[in-house]
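Quick look at final_18.cif (mmCIF, C-alpha atoms):
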```
data_upload
#
loop_
_atom_site.label_atom_id
_atom_site.label_comp_id
_atom_site.auth_asym_id
_atom_site.auth_seq_id
_atom_site.Cartn_x
_atom_site.Cartn_y
_atom_site.Cartn_z
CA MET A 1 3.01 -86.10 -91.26
CA VAL A 2 1.73 -82.94 -89.53
CA SER A 3 3.08 -79.74 -91.06
CA GLU A 4 4.75 -77.08 -88.95
CA LEU A 5 1.86 -74.65 -89.58
CA GLN A 6 -0.74 -77.29 -88.68
CA GLN A 7 1.02 -78.08 -85.40
CA ARG A 8 1.48 -74.41 -84.59
CA MET A 9 -2.19 -73.73 -85.29
CA GLN A 10 -3.36 -76.66 -83.18
CA ASP A 11 -1.13 -75.59 -80.27
CA SER A 12 -2.45 -72.04 -80.54
CA PHE A 13 -6.07 -73.23 -80.46
CA VAL A 14 -5.31 -75.40 -77.41
CA GLU A 15 -3.79 -72.37 -75.69
CA HIS A 16 -6.39 -69.76 -76.59
CA VAL A 17 -9.74 -71.47 -77.33
CA ASP A 18 -11.68 -72.69 -74.28
CA GLU A 19 -12.60 -76.35 -74.76
CA GLU A 20 -15.40 -76.22 -72.18
CA LEU A 21 -17.10 -73.41 -74.09
CA LEU A 22 -16.82 -75.43 -77.30
CA MET A 23 -18.56 -78.36 -75.62
CA ASP A 24 -21.57 -76.19 -74.71
CA CYS A 25 -22.79 -76.39 -78.31
CA MET A 26 -25.40 -79.16 -78.66
CA ARG A 27 -25.48 -78.95 -82.51
CA CYS A 28 -29.24 -78.32 -82.32
CA GLY A 29 -29.26 -75.83 -85.19
CA PHE A 30 -31.37 -73.09 -83.59
CA CYS A 31 -28.60 -70.67 -84.55
CA LEU A 32 -28.84 -71.40 -88.27
CA PRO A 33 -31.79 -69.17 -89.28
CA ALA A 34 -30.31 -66.33 -87.20
CA CYS A 35 -26.95 -66.34 -89.01
CA PRO A 36 -26.67 -63.89 -91.96
CA THR A 37 -23.70 -65.64 -93.60
CA TYR A 38 -25.37 -69.06 -93.39
CA LEU A 39 -28.41 -67.65 -95.18
CA ALA A 40 -26.36 -65.65 -97.70
CA THR A 41 -24.31 -68.72 -98.72
CA ASN A 42 -27.34 -70.91 -99.48
CA GLN A 43 -27.14 -72.61 -96.10
CA ASP A 44 -23.48 -73.56 -96.20
CA GLU A 45 -22.87 -75.21 -92.81
CA SER A 46 -19.24 -74.03 -92.69
CA HIS A 47 -20.55 -70.45 -92.59
CA SER A 48 -22.89 -71.05 -89.66
CA PRO A 49 -22.14 -70.71 -85.91
CA ARG A 50 -22.61 -74.45 -85.43
CA GLY A 51 -20.28 -75.22 -88.32
CA ARG A 52 -17.63 -72.77 -87.14
CA ILE A 53 -17.68 -74.19 -83.62
CA ALA A 54 -17.22 -77.69 -85.07
CA LEU A 55 -14.22 -76.39 -87.04
CA MET A 56 -12.76 -74.73 -83.94
CA LYS A 57 -12.94 -78.01 -82.04
CA ALA A 58 -11.57 -80.01 -84.98
CA ILE A 59 -8.56 -77.71 -85.34
CA ARG A 60 -8.01 -77.84 -81.58
CA ASP A 61 -8.15 -81.65 -81.62
CA GLY A 62 -6.01 -81.96 -84.74
CA ASP A 63 -8.80 -83.64 -86.72
CA VAL A 64 -8.95 -81.07 -89.53
CA VAL A 65 -6.10 -79.70 -91.61
CA TRP A 66 -5.78 -75.94 -91.46
CA ASP A 67 -6.23 -74.45 -94.92
CA GLY A 68 -7.71 -71.49 -96.76
CA SER A 69 -11.29 -72.76 -96.55
CA VAL A 70 -11.11 -73.03 -92.75
CA GLU A 71 -9.62 -69.56 -92.47
CA GLU A 72 -12.32 -68.21 -94.80
CA SER A 73 -15.02 -69.67 -92.58
CA PHE A 74 -13.74 -67.76 -89.56
CA ASP A 75 -13.02 -64.58 -91.54
CA MET A 76 -16.49 -64.59 -93.06
CA CYS A 77 -18.15 -64.39 -89.63
CA LEU A 78 -19.68 -60.95 -89.07
CA GLY A 79 -19.41 -61.29 -85.31
CA CYS A 80 -22.99 -59.98 -85.09
CA ARG A 81 -23.77 -62.53 -82.34
CA ALA A 82 -27.37 -63.01 -83.48
CA CYS A 83 -26.80 -66.69 -82.73
CA GLU A 84 -26.49 -66.04 -78.99
CA PRO A 85 -30.08 -65.01 -78.17
CA ALA A 86 -31.26 -67.81 -80.49
CA CYS A 87 -29.25 -70.48 -78.65
CA PRO A 88 -31.14 -72.50 -76.00
CA ALA A 89 -27.87 -73.73 -74.47
CA GLY A 90 -26.41 -70.26 -73.94
CA VAL A 91 -23.30 -70.89 -76.05
CA GLN A 92 -20.87 -67.97 -75.72
CA TYR A 93 -20.16 -67.72 -79.42
CA GLY A 94 -18.82 -64.16 -79.14
CA VAL A 95 -16.09 -65.33 -76.77
CA LEU A 96 -15.28 -68.31 -78.99
CA ILE A 97 -14.89 -66.32 -82.22
CA GLU A 98 -12.73 -63.74 -80.42
CA GLU A 99 -10.55 -66.51 -78.95
CA THR A 100 -10.33 -68.15 -82.37
CA ARG A 101 -9.16 -64.97 -84.02
CA VAL A 102 -6.50 -64.53 -81.35
CA ALA A 103 -5.37 -68.13 -81.92
CA VAL A 104 -5.18 -67.67 -85.69
CA GLN A 105 -3.39 -64.35 -85.39
CA GLN A 106 -0.79 -65.88 -83.07
CA ALA A 107 -0.11 -68.90 -85.28
CA LYS A 108 -0.36 -67.94 -88.95
CA PRO A 109 2.50 -66.34 -90.90
CA ILE A 110 1.96 -62.60 -91.35
CA SER A 111 3.42 -60.61 -94.21
CA VAL A 112 5.49 -57.48 -93.64
CA THR A 113 2.68 -55.42 -95.19
CA GLU A 114 0.02 -56.82 -92.85
CA LYS A 115 2.29 -56.29 -89.86
CA ALA A 116 2.77 -52.66 -90.85
CA ILE A 117 -0.98 -52.13 -91.35
CA ARG A 118 -1.83 -53.75 -88.01
CA LYS A 119 0.79 -51.72 -86.18
CA THR A 120 -0.42 -48.46 -87.72
CA THR A 121 -4.05 -49.33 -87.00
CA PHE A 122 -3.94 -50.93 -83.57
CA ASP A 123 -0.86 -49.26 -82.06
CA GLY A 124 -1.43 -45.92 -83.75
CA VAL A 125 -4.79 -44.62 -84.93
CA PHE A 126 -7.00 -46.69 -82.61
CA ALA A 127 -4.68 -46.42 -79.63
CA ASP A 128 -4.43 -42.63 -79.50
CA GLN A 129 -7.46 -40.37 -79.87
CA LYS A 130 -5.24 -37.49 -80.98
CA LYS A 131 -3.98 -39.52 -83.95
CA MET A 132 -7.54 -40.42 -84.86
CA ALA A 133 -8.49 -36.74 -84.75
CA ALA A 134 -5.51 -35.84 -86.93
CA GLY A 135 -6.54 -38.44 -89.50
CA VAL A 136 -10.09 -37.11 -89.59
CA LYS A 137 -8.77 -33.58 -90.13
CA LEU A 138 -7.22 -34.84 -93.36
CA VAL A 139 -10.63 -36.13 -94.42
CA GLN A 140 -12.13 -32.76 -93.50
CA PHE A 141 -9.52 -30.98 -95.63
CA TYR A 142 -10.33 -33.35 -98.49
CA GLN A 143 -14.00 -32.42 -98.21
CA LYS A 144 -13.67 -28.67 -97.62
CA SER A 145 -10.78 -27.80 -99.95
CA GLY A 146 -12.52 -28.76 -103.17
CA LEU A 147 -10.33 -31.82 -103.56
CA GLN A 148 -13.27 -34.16 -103.06
CA LYS A 149 -15.28 -32.38 -105.74
CA ALA A 150 -12.37 -32.44 -108.19
CA THR A 151 -11.61 -36.10 -107.46
CA ARG A 152 -15.18 -37.10 -108.18
CA LYS A 153 -15.37 -34.94 -111.31
CA ILE A 154 -12.32 -36.46 -113.00
CA GLY A 155 -13.39 -39.98 -112.04
CA PHE A 156 -10.27 -40.73 -109.99
CA LEU A 157 -12.26 -42.95 -107.61
CA ASN A 158 -13.10 -45.24 -110.53
CA LEU A 159 -9.53 -46.57 -110.22
CA PHE A 160 -10.44 -48.12 -106.87
CA PRO A 161 -12.72 -51.09 -106.07
CA PRO A 162 -16.44 -50.14 -106.26
CA PHE A 163 -17.03 -50.57 -102.51
CA MET A 164 -14.34 -47.94 -101.73
CA LYS A 165 -16.05 -45.44 -104.03
CA GLN A 166 -19.36 -46.20 -102.31
CA MET A 167 -17.84 -45.77 -98.84
CA GLU A 168 -16.28 -42.45 -99.84
CA ALA A 169 -19.70 -41.26 -100.95
CA ALA A 170 -21.24 -42.35 -97.64
CA LEU A 171 -18.77 -40.40 -95.47
CA PRO A 172 -20.51 -37.76 -93.37
CA THR A 173 -19.58 -34.11 -93.88
CA ILE A 174 -17.14 -33.29 -91.10
CA GLU A 175 -17.80 -29.98 -89.39
CA THR A 176 -15.40 -27.95 -87.29
CA LYS A 177 -15.67 -29.01 -83.67
CA LYS A 178 -17.47 -26.47 -81.54
CA LYS A 179 -16.33 -25.59 -78.07
CA ARG A 180 -18.72 -27.00 -75.48
CA GLU A 181 -20.26 -24.66 -72.97
CA PRO A 182 -21.34 -26.76 -69.96
CA VAL A 183 -24.79 -26.19 -68.56
CA LEU A 184 -24.30 -24.95 -65.02
CA LYS A 185 -27.27 -26.12 -63.00
CA PRO A 186 -27.65 -28.39 -60.00
CA SER A 187 -28.29 -32.02 -60.85
CA SER A 188 -28.53 -35.14 -58.74
CA LEU A 189 -27.56 -37.36 -61.70
CA LYS A 190 -23.94 -37.34 -62.85
CA VAL A 191 -23.30 -39.03 -66.19
CA ALA A 192 -19.89 -39.71 -67.74
CA PHE A 193 -19.98 -39.62 -71.53
CA PHE A 194 -17.93 -42.13 -73.51
CA SER A 195 -17.38 -40.05 -76.63
CA GLY A 196 -15.86 -42.81 -78.80
CA CYS A 197 -13.27 -42.51 -81.55
CA LEU A 198 -15.41 -42.35 -84.71
CA MET A 199 -18.30 -40.67 -82.92
CA ASP A 200 -16.06 -37.89 -81.59
CA THR A 201 -14.45 -37.26 -84.97
CA LEU A 202 -16.58 -38.22 -87.96
CA PHE A 203 -19.84 -37.77 -86.04
CA GLN A 204 -18.95 -35.03 -83.56
CA GLU A 205 -22.24 -33.19 -84.24
CA THR A 206 -24.10 -36.26 -82.99
CA ASN A 207 -22.01 -36.18 -79.83
CA ARG A 208 -22.80 -32.49 -79.33
CA LYS A 209 -26.52 -33.17 -79.68
CA THR A 210 -26.24 -36.14 -77.31
CA ILE A 211 -24.76 -33.96 -74.57
CA GLU A 212 -27.26 -31.16 -75.18
CA MET A 213 -30.22 -33.53 -74.93
CA LEU A 214 -28.94 -35.18 -71.76
CA GLU A 215 -28.45 -31.79 -70.13
CA TRP A 216 -31.94 -30.77 -71.26
CA LEU A 217 -33.23 -33.90 -69.50
CA GLY A 218 -31.50 -32.85 -66.28
CA ALA A 219 -28.23 -34.79 -66.25
CA ASP A 220 -24.84 -33.37 -65.29
CA ILE A 221 -22.44 -34.48 -68.06
CA VAL A 222 -18.73 -35.14 -67.56
CA LEU A 223 -16.29 -35.93 -70.38
CA PRO A 224 -13.32 -37.71 -68.77
CA LYS A 225 -10.00 -36.79 -70.33
CA GLU A 226 -7.57 -39.38 -71.71
CA GLN A 227 -10.35 -41.76 -72.77
CA GLN A 228 -9.47 -43.89 -75.78
CA CYS A 229 -11.08 -46.10 -78.43
CA CYS A 230 -13.11 -48.79 -76.65
CA GLY A 231 -10.92 -51.59 -78.06
CA ALA A 232 -13.68 -53.42 -79.94
CA LEU A 233 -11.89 -53.25 -83.27
CA HIS A 234 -8.79 -54.78 -81.67
CA GLY A 235 -10.77 -57.51 -79.92
CA HIS A 236 -12.65 -58.50 -83.06
CA SER A 237 -9.43 -58.64 -85.12
CA GLY A 238 -7.39 -61.06 -83.02
CA GLU A 239 -5.67 -58.28 -81.04
CA MET A 240 -7.45 -58.75 -77.72
CA GLU A 241 -4.35 -57.92 -75.68
CA LYS A 242 -4.17 -54.52 -77.34
CA GLY A 243 -7.91 -54.13 -76.90
CA MET A 244 -7.45 -54.64 -73.18
CA ARG A 245 -4.68 -52.02 -73.20
CA ASN A 246 -7.31 -49.53 -74.36
CA ALA A 247 -9.80 -50.90 -71.85
CA LYS A 248 -7.40 -50.30 -68.97
CA ALA A 249 -6.76 -46.75 -70.16
CA ASN A 250 -10.52 -46.14 -70.14
CA LEU A 251 -10.93 -47.68 -66.69
CA LYS A 252 -8.37 -45.20 -65.39
CA ALA A 253 -10.04 -42.30 -67.21
CA PHE A 254 -13.52 -43.16 -65.84
CA ASP A 255 -12.37 -44.14 -62.34
CA SER A 256 -14.82 -42.16 -60.21
CA ASP A 257 -17.50 -43.23 -57.78
CA ASP A 258 -19.41 -40.03 -58.61
CA PHE A 259 -20.73 -41.35 -61.93
CA ASP A 260 -24.21 -42.82 -61.86
CA TYR A 261 -23.94 -43.93 -65.48
CA ILE A 262 -21.34 -44.19 -68.23
CA VAL A 263 -23.30 -43.51 -71.42
CA ASN A 264 -22.37 -44.15 -75.04
CA ASN A 265 -24.16 -43.55 -78.34
CA ALA A 266 -22.54 -46.27 -80.48
CA GLY A 267 -24.02 -49.77 -80.21
CA GLY A 268 -20.81 -51.59 -81.16
CA CYS A 269 -18.73 -49.67 -78.63
CA GLY A 270 -21.37 -50.10 -75.95
CA ALA A 271 -21.34 -53.88 -76.26
CA PHE A 272 -17.57 -54.09 -75.85
CA LEU A 273 -17.62 -51.59 -72.96
CA SER A 274 -20.27 -53.67 -71.21
CA GLU A 275 -17.99 -56.71 -71.42
CA TYR A 276 -14.89 -55.13 -69.86
CA GLY A 277 -15.84 -56.93 -66.66
CA LYS A 278 -15.88 -60.30 -68.41
CA HIS A 279 -12.64 -59.74 -70.28
CA LEU A 280 -10.74 -58.57 -67.19
CA GLU A 281 -12.33 -60.74 -64.52
CA LYS A 282 -9.03 -62.57 -63.90
CA ASP A 283 -6.92 -59.41 -63.75
CA PRO A 284 -6.19 -58.71 -60.05
CA GLN A 285 -5.55 -55.00 -60.66
CA PHE A 286 -8.52 -54.20 -62.90
CA ALA A 287 -11.19 -56.88 -62.26
CA GLU A 288 -13.18 -54.87 -59.72
CA LYS A 289 -12.96 -51.60 -61.67
CA ALA A 290 -13.92 -53.36 -64.89
CA ALA A 291 -16.98 -54.97 -63.30
CA GLU A 292 -18.11 -51.61 -61.91
CA PHE A 293 -17.50 -49.89 -65.26
CA SER A 294 -19.58 -52.48 -67.11
CA ARG A 295 -22.35 -52.23 -64.52
CA LYS A 296 -22.63 -48.49 -65.07
CA THR A 297 -22.41 -48.64 -68.88
CA ILE A 298 -25.66 -47.71 -70.61
CA ASP A 299 -26.80 -47.01 -74.15
CA ILE A 300 -28.10 -43.55 -74.98
CA SER A 301 -31.62 -44.71 -75.90
CA SER A 302 -31.91 -46.59 -72.59
CA LEU A 303 -30.80 -43.52 -70.65
CA PHE A 304 -33.20 -41.31 -72.60
CA VAL A 305 -36.03 -43.63 -71.53
CA LYS A 306 -34.87 -43.60 -67.88
CA LEU A 307 -34.76 -39.80 -67.91
CA GLY A 308 -38.34 -39.54 -69.13
CA LEU A 309 -37.88 -38.51 -72.75
CA ASN A 310 -40.89 -40.58 -73.87
CA ALA A 311 -43.25 -38.47 -71.77
CA LYS A 312 -41.78 -35.24 -73.13
CA LEU A 313 -42.17 -36.49 -76.70
CA LYS A 314 -45.81 -37.47 -76.13
CA GLN A 315 -46.60 -34.03 -74.71
CA MET A 316 -45.42 -32.40 -77.92
CA GLY A 317 -48.01 -34.13 -80.07
CA GLY A 318 -48.27 -33.37 -83.77
CA ALA A 319 -49.78 -35.08 -86.79
CA GLU A 320 -48.00 -38.16 -88.16
CA GLU A 321 -46.57 -36.95 -91.45
CA SER A 322 -43.47 -38.97 -92.34
CA LEU A 323 -42.68 -42.68 -92.10
CA VAL A 324 -39.68 -43.70 -89.99
CA THR A 325 -38.20 -47.13 -89.38
CA TYR A 326 -35.31 -48.58 -87.38
CA GLN A 327 -32.35 -50.81 -88.21
CA ASP A 328 -30.92 -52.50 -85.11
CA SER A 329 -27.29 -52.33 -84.15
CA CYS A 330 -26.43 -56.04 -83.87
CA HIS A 331 -24.35 -55.70 -80.74
CA LEU A 332 -26.77 -53.33 -79.04
CA ARG A 333 -29.56 -55.86 -79.60
CA ASN A 334 -27.77 -59.20 -79.31
CA VAL A 335 -25.21 -58.41 -76.59
CA ASN A 336 -26.89 -55.68 -74.53
CA GLY A 337 -30.47 -56.77 -75.16
CA VAL A 338 -31.53 -53.23 -76.08
CA PHE A 339 -34.20 -53.14 -78.78
CA LEU A 340 -37.46 -51.96 -77.18
CA GLU A 341 -36.09 -48.61 -75.95
CA PRO A 342 -35.14 -47.07 -79.31
CA ARG A 343 -38.41 -48.25 -80.83
CA SER A 344 -40.44 -46.69 -78.04
CA LEU A 345 -38.72 -43.34 -78.61
CA LEU A 346 -39.38 -43.46 -82.35
CA GLN A 347 -43.02 -44.40 -81.77
CA ASP A 348 -43.44 -41.33 -79.53
CA ALA A 349 -41.52 -38.90 -81.77
CA PRO A 350 -43.79 -36.00 -82.84
CA GLY A 351 -44.61 -35.73 -86.53
CA PHE A 352 -43.67 -39.29 -87.46
CA GLU A 353 -45.30 -42.65 -87.96
CA TYR A 354 -43.13 -45.60 -86.92
CA LYS A 355 -43.20 -48.88 -88.81
CA GLU A 356 -41.07 -51.96 -88.11
CA LEU A 357 -38.49 -52.76 -90.78
CA ILE A 358 -38.50 -56.27 -92.27
CA ASP A 359 -35.72 -58.28 -90.55
CA ALA A 360 -34.63 -55.20 -88.59
CA GLY A 361 -32.67 -57.44 -86.22
CA CYS A 362 -30.59 -58.95 -89.03
CA CYS A 363 -27.12 -57.47 -89.66
CA CYS A 364 -26.73 -54.79 -92.33
CA GLY A 365 -23.25 -56.02 -93.28
CA SER A 366 -21.19 -53.25 -91.69
CA ALA A 367 -19.85 -55.14 -88.65
CA GLY A 368 -16.98 -52.84 -87.76
CA ILE A 369 -14.57 -53.02 -90.72
CA TYR A 370 -16.15 -56.18 -92.16
CA ASN A 371 -17.45 -54.26 -95.18
CA ILE A 372 -13.85 -53.33 -95.97
CA LEU A 373 -12.37 -56.79 -95.40
CA GLN A 374 -15.27 -58.76 -96.91
CA PRO A 375 -16.91 -56.34 -99.37
CA GLU A 376 -18.62 -59.00 -101.50
CA MET A 377 -20.42 -60.68 -98.60
CA ALA A 378 -21.15 -57.33 -96.97
CA LYS A 379 -22.83 -56.13 -100.16
CA ARG A 380 -24.85 -59.34 -100.46
CA ILE A 381 -26.17 -58.83 -96.93
CA LEU A 382 -26.82 -55.13 -97.52
CA ASP A 383 -28.70 -55.84 -100.75
CA ALA A 384 -31.01 -58.20 -98.84
CA LYS A 385 -31.54 -55.50 -96.21
CA MET A 386 -32.37 -52.90 -98.85
CA ARG A 387 -35.09 -55.10 -100.35
CA GLY A 388 -37.04 -54.61 -97.13
CA VAL A 389 -36.31 -50.89 -97.10
CA LYS A 390 -37.50 -50.45 -100.70
CA GLU A 391 -40.68 -52.36 -99.95
CA MET A 392 -41.46 -50.04 -97.03
CA GLN A 393 -40.26 -46.74 -98.57
CA PRO A 394 -39.64 -44.86 -95.29
CA ALA A 395 -38.52 -41.23 -95.27
CA ILE A 396 -35.92 -41.99 -92.60
CA VAL A 397 -34.00 -45.12 -91.56
CA VAL A 398 -32.77 -44.66 -87.99
CA THR A 399 -29.71 -46.48 -86.61
CA SER A 400 -27.78 -46.53 -83.32
CA ASN A 401 -24.23 -47.14 -84.52
CA PRO A 402 -21.85 -45.20 -86.81
CA GLY A 403 -20.91 -48.21 -88.93
CA CYS A 404 -24.57 -49.14 -89.43
CA LEU A 405 -25.36 -45.53 -90.28
CA MET A 406 -22.75 -45.38 -93.05
CA GLN A 407 -23.71 -48.83 -94.33
CA MET A 408 -27.39 -47.96 -94.59
CA GLN A 409 -26.57 -44.65 -96.25
CA MET A 410 -24.44 -46.60 -98.73
CA GLY A 411 -27.37 -48.92 -99.39
CA ILE A 412 -29.65 -45.95 -100.05
CA GLN A 413 -27.12 -44.50 -102.49
CA ASN A 414 -26.62 -47.84 -104.24
CA GLU A 415 -30.36 -47.98 -104.88
CA GLY A 416 -30.51 -44.35 -106.07
CA LEU A 417 -32.92 -43.40 -103.29
CA GLU A 418 -31.06 -40.36 -101.88
CA LYS A 419 -33.87 -37.99 -102.84
CA GLU A 420 -36.55 -40.11 -101.18
CA MET A 421 -34.95 -41.21 -97.92
CA LYS A 422 -31.94 -40.90 -95.65
CA ALA A 423 -30.22 -42.77 -92.83
CA VAL A 424 -29.92 -40.92 -89.51
CA HIS A 425 -28.47 -41.64 -86.06
CA ILE A 426 -31.18 -41.92 -83.41
CA VAL A 427 -29.82 -38.95 -81.46
CA ASP A 428 -29.85 -36.72 -84.53
CA PHE A 429 -33.37 -37.88 -85.38
CA LEU A 430 -34.79 -37.15 -81.92
CA TYR A 431 -32.93 -33.86 -81.58
CA ASP A 432 -34.20 -32.62 -84.94
CA ALA A 433 -37.76 -33.88 -84.33
CA ILE A 434 -37.90 -32.01 -81.02
CA HIS A 435 -36.50 -28.78 -82.43
CA GLN A 436 -38.76 -28.94 -85.46
CA ASN A 437 -41.78 -29.41 -83.21
CA GLN A 438 -40.75 -26.53 -80.96
CA THR A 439 -40.21 -24.25 -83.97
CA GLN A 440 -43.62 -25.10 -85.42
CA GLY A 441 -45.24 -24.67 -82.03
#
```

Could you spell out this file's structure in structure tokens?
Amino acid sequence: MVSELQQRMQDSFVEHVDEELLMDCMRCGFCLPACPTYLATNQDESHSPRGRIALMKAIRDGDVVWDGSVEESFDMCLGCRACEPACPAGVQYGVLIEETRVAVQQAKPISVTEKAIRKTTFDGVFADQKKMAAGVKLVQFYQKSGLQKATRKIGFLNLFPPFMKQMEAALPTIETKKKREPVLKPSSLKVAFFSGCLMDTLFQETNRKTIEMLEWLGADIVLPKEQQCCGALHGHSGEMEKGMRNAKANLKAFDSDDFDYIVNNAGGCGAFLSEYGKHLEKDPQFAEKAAEFSRKTIDISSLFVKLGLNAKLKQMGGAEESLVTYQDSCHLRNVNGVFLEPRSLLQDAPGFEYKELIDAGCCCGSAGIYNILQPEMAKRILDAKMRGVKEMQPAIVVTSNPGCLMQMQMGIQNEGLEKEMKAVHIVDFLYDAIHQNQTQG
């Protein structure tokens, strides 16, 4: 006899998970060596893209009983989408795992506590940039008031799980936001800047440097008001409807034909922004705007290349003194196909020697809030990543996403390598390299 939960789950999968997309998978296995969780679990098929797709179809068809092991398989997925470029059949795994998480979220019983957390997170902090800013101000107070120092000294953080202590240590120092003075000069290129939620709060200095560099390269920068979190966190957590609420708010905020590009400096955000058109293609009110928004969306490294930064870097010259490497943002590489541009910029940066990191395209284990929800697996993946870093011993590990940046910094701290190396956002790296070269010159 089919249980009520089993029937509810099957009905939800039938409603939300596209059967035609499930049938695209040929079970060839090309995705297996690209999947971090498959490799980290000693090649457990249930933790591979192929295995998860088989489970999705089996739940949809009523052939498998929904239980904790099935839910764990879906929860354990990083959503890195490394399987997509590896797939010869073009399976849209990203769509399938998002649809699956919506189906699960709609069907499974949710505790009062989880409901409260989801409401606070998705309807509060990540739905209103002002609330996000207020939350970050509390973190800033914690850092500046001496409370952080006292907390660490008395060992209060030892009462929490180890990964929380490590994440606290990896938080960037939050500076007071400086008022922006626009550069008033004629420009034929108008660029709208998607400032992001974490980037405009925890990493606001990176945003400032991003704008300054773009203006230096000749772009006219506009920061549309009322822009919100991109919605990626919602979409990856089974809250796609709320993610699209944020998307629509952003489409309204960036609704101008004057913009040549809509640039972002966070790989995870950029991937979701670039897929607004896909997510809203059936919405009669927003389909056209979403398609245009996605067409104009561009990553900061790609725009730097288009604006001729490589040539400027080469002109600066300088002896190669320090070793730098690059850790890909999964979504920037696997969804947007951007991986050559950041590498070319690092190769041309004055005063540095670039060397490719072992398995640079493999996930670092951050994956949005995955390292909070799945700390054990996230650490296992990070430890594997750090083996390559330790073998290379670079002075700087460059990243293109805030989550990756904090994860790599955590890995450096876990290995006790803070005095030998650091993790840096690509904008900060290039900005500092240029200014250091100009100062020395």

Could you list, as a PyMOL selection string, every residue matched by the PyMOL selection byres ((chain A and resi 259) around 9) in this structure?
chain A and resi 189-192+222+254-258+260-262+296

Would you output that residue set with C-alpha atoms, as a PDB file, in the coordinates of the input?
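Saved file selection.pdb follows:
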```pdb
ATOM      1  CA  LEU A 189     -27.560 -37.360 -61.700  1.00  0.00           C
ATOM      2  CA  LYS A 190     -23.940 -37.340 -62.850  1.00  0.00           C
ATOM      3  CA  VAL A 191     -23.300 -39.030 -66.190  1.00  0.00           C
ATOM      4  CA  ALA A 192     -19.890 -39.710 -67.740  1.00  0.00           C
ATOM      5  CA  VAL A 222     -18.730 -35.140 -67.560  1.00  0.00           C
ATOM      6  CA  PHE A 254     -13.520 -43.160 -65.840  1.00  0.00           C
ATOM      7  CA  ASP A 255     -12.370 -44.140 -62.340  1.00  0.00           C
ATOM      8  CA  SER A 256     -14.820 -42.160 -60.210  1.00  0.00           C
ATOM      9  CA  ASP A 257     -17.500 -43.230 -57.780  1.00  0.00           C
ATOM     10  CA  ASP A 258     -19.410 -40.030 -58.610  1.00  0.00           C
ATOM     11  CA  ASP A 260     -24.210 -42.820 -61.860  1.00  0.00           C
ATOM     12  CA  TYR A 261     -23.940 -43.930 -65.480  1.00  0.00           C
ATOM     13  CA  ILE A 262     -21.340 -44.190 -68.230  1.00  0.00           C
ATOM     14  CA  LYS A 296     -22.630 -48.490 -65.070  1.00  0.00           C
TER      15      LYS A 296
END
```

Between atom CA of Ala219 of chain A and atom CA of Ser187 of chain A, what is the distance in Å, rounded to a tenth?
6.1 Å

Expected selection from the PyMOL selection byres ((chain A and resi 67-73) around 12), given as an MDAnalysis selection string
chainID A and resid 3 5:6 9 37:38 41 44:59 64:66 74:79 97 100:101 103:105 107:108 373:374 377

Contacts of Asn437 of chain A at 9 Å or less, counting all atoms listed in the file, minus same-chain residues fewer than 5 places along, as a list in words?
Met316, Gly317, Gly318, Pro350, Gly351 and Asp432 of chain A

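Summary of the local environment: counting all atoms listed in the file, residues at most 9 Å from Met386 of chain A, other than itself and those fewer than 6 positions away along its chain, are A:Cys364, A:Met408, A:Gly411, A:Ile412, A:Glu415.
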
Evaluating the PyMOL selection byres ((chain A and resi 338) around 10) on the displayed file yields which residues, as a ChimeraX atom specification?
/A:267,298-299,301-302,328-337,339-343

Those residues with C-alpha atoms, as a JSON list (two decimals), in the coordinates of the input please?
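This is the output file part-v1.json:
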```json
[["chain", "number", "residue", "atom", "x", "y", "z"],
["A", 267, "GLY", "CA", -24.02, -49.77, -80.21],
["A", 298, "ILE", "CA", -25.66, -47.71, -70.61],
["A", 299, "ASP", "CA", -26.80, -47.01, -74.15],
["A", 301, "SER", "CA", -31.62, -44.71, -75.90],
["A", 302, "SER", "CA", -31.91, -46.59, -72.59],
["A", 328, "ASP", "CA", -30.92, -52.50, -85.11],
["A", 329, "SER", "CA", -27.29, -52.33, -84.15],
["A", 330, "CYS", "CA", -26.43, -56.04, -83.87],
["A", 331, "HIS", "CA", -24.35, -55.70, -80.74],
["A", 332, "LEU", "CA", -26.77, -53.33, -79.04],
["A", 333, "ARG", "CA", -29.56, -55.86, -79.60],
["A", 334, "ASN", "CA", -27.77, -59.20, -79.31],
["A", 335, "VAL", "CA", -25.21, -58.41, -76.59],
["A", 336, "ASN", "CA", -26.89, -55.68, -74.53],
["A", 337, "GLY", "CA", -30.47, -56.77, -75.16],
["A", 339, "PHE", "CA", -34.20, -53.14, -78.78],
["A", 340, "LEU", "CA", -37.46, -51.96, -77.18],
["A", 341, "GLU", "CA", -36.09, -48.61, -75.95],
["A", 342, "PRO", "CA", -35.14, -47.07, -79.31],
["A", 343, "ARG", "CA", -38.41, -48.25, -80.83]]
```

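Here atom CA of Glu356 of chain A is placed at a distance of 11.1 Å from atom CA of Val398 of chain A.
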
Mind listing whatever residues come within 8 Å of the point (-7.3, -47.1, -71.9)? Use all atoms listed in the file, file coordinates, and give them as number ranges by chain.
A: 226-230, 244-253
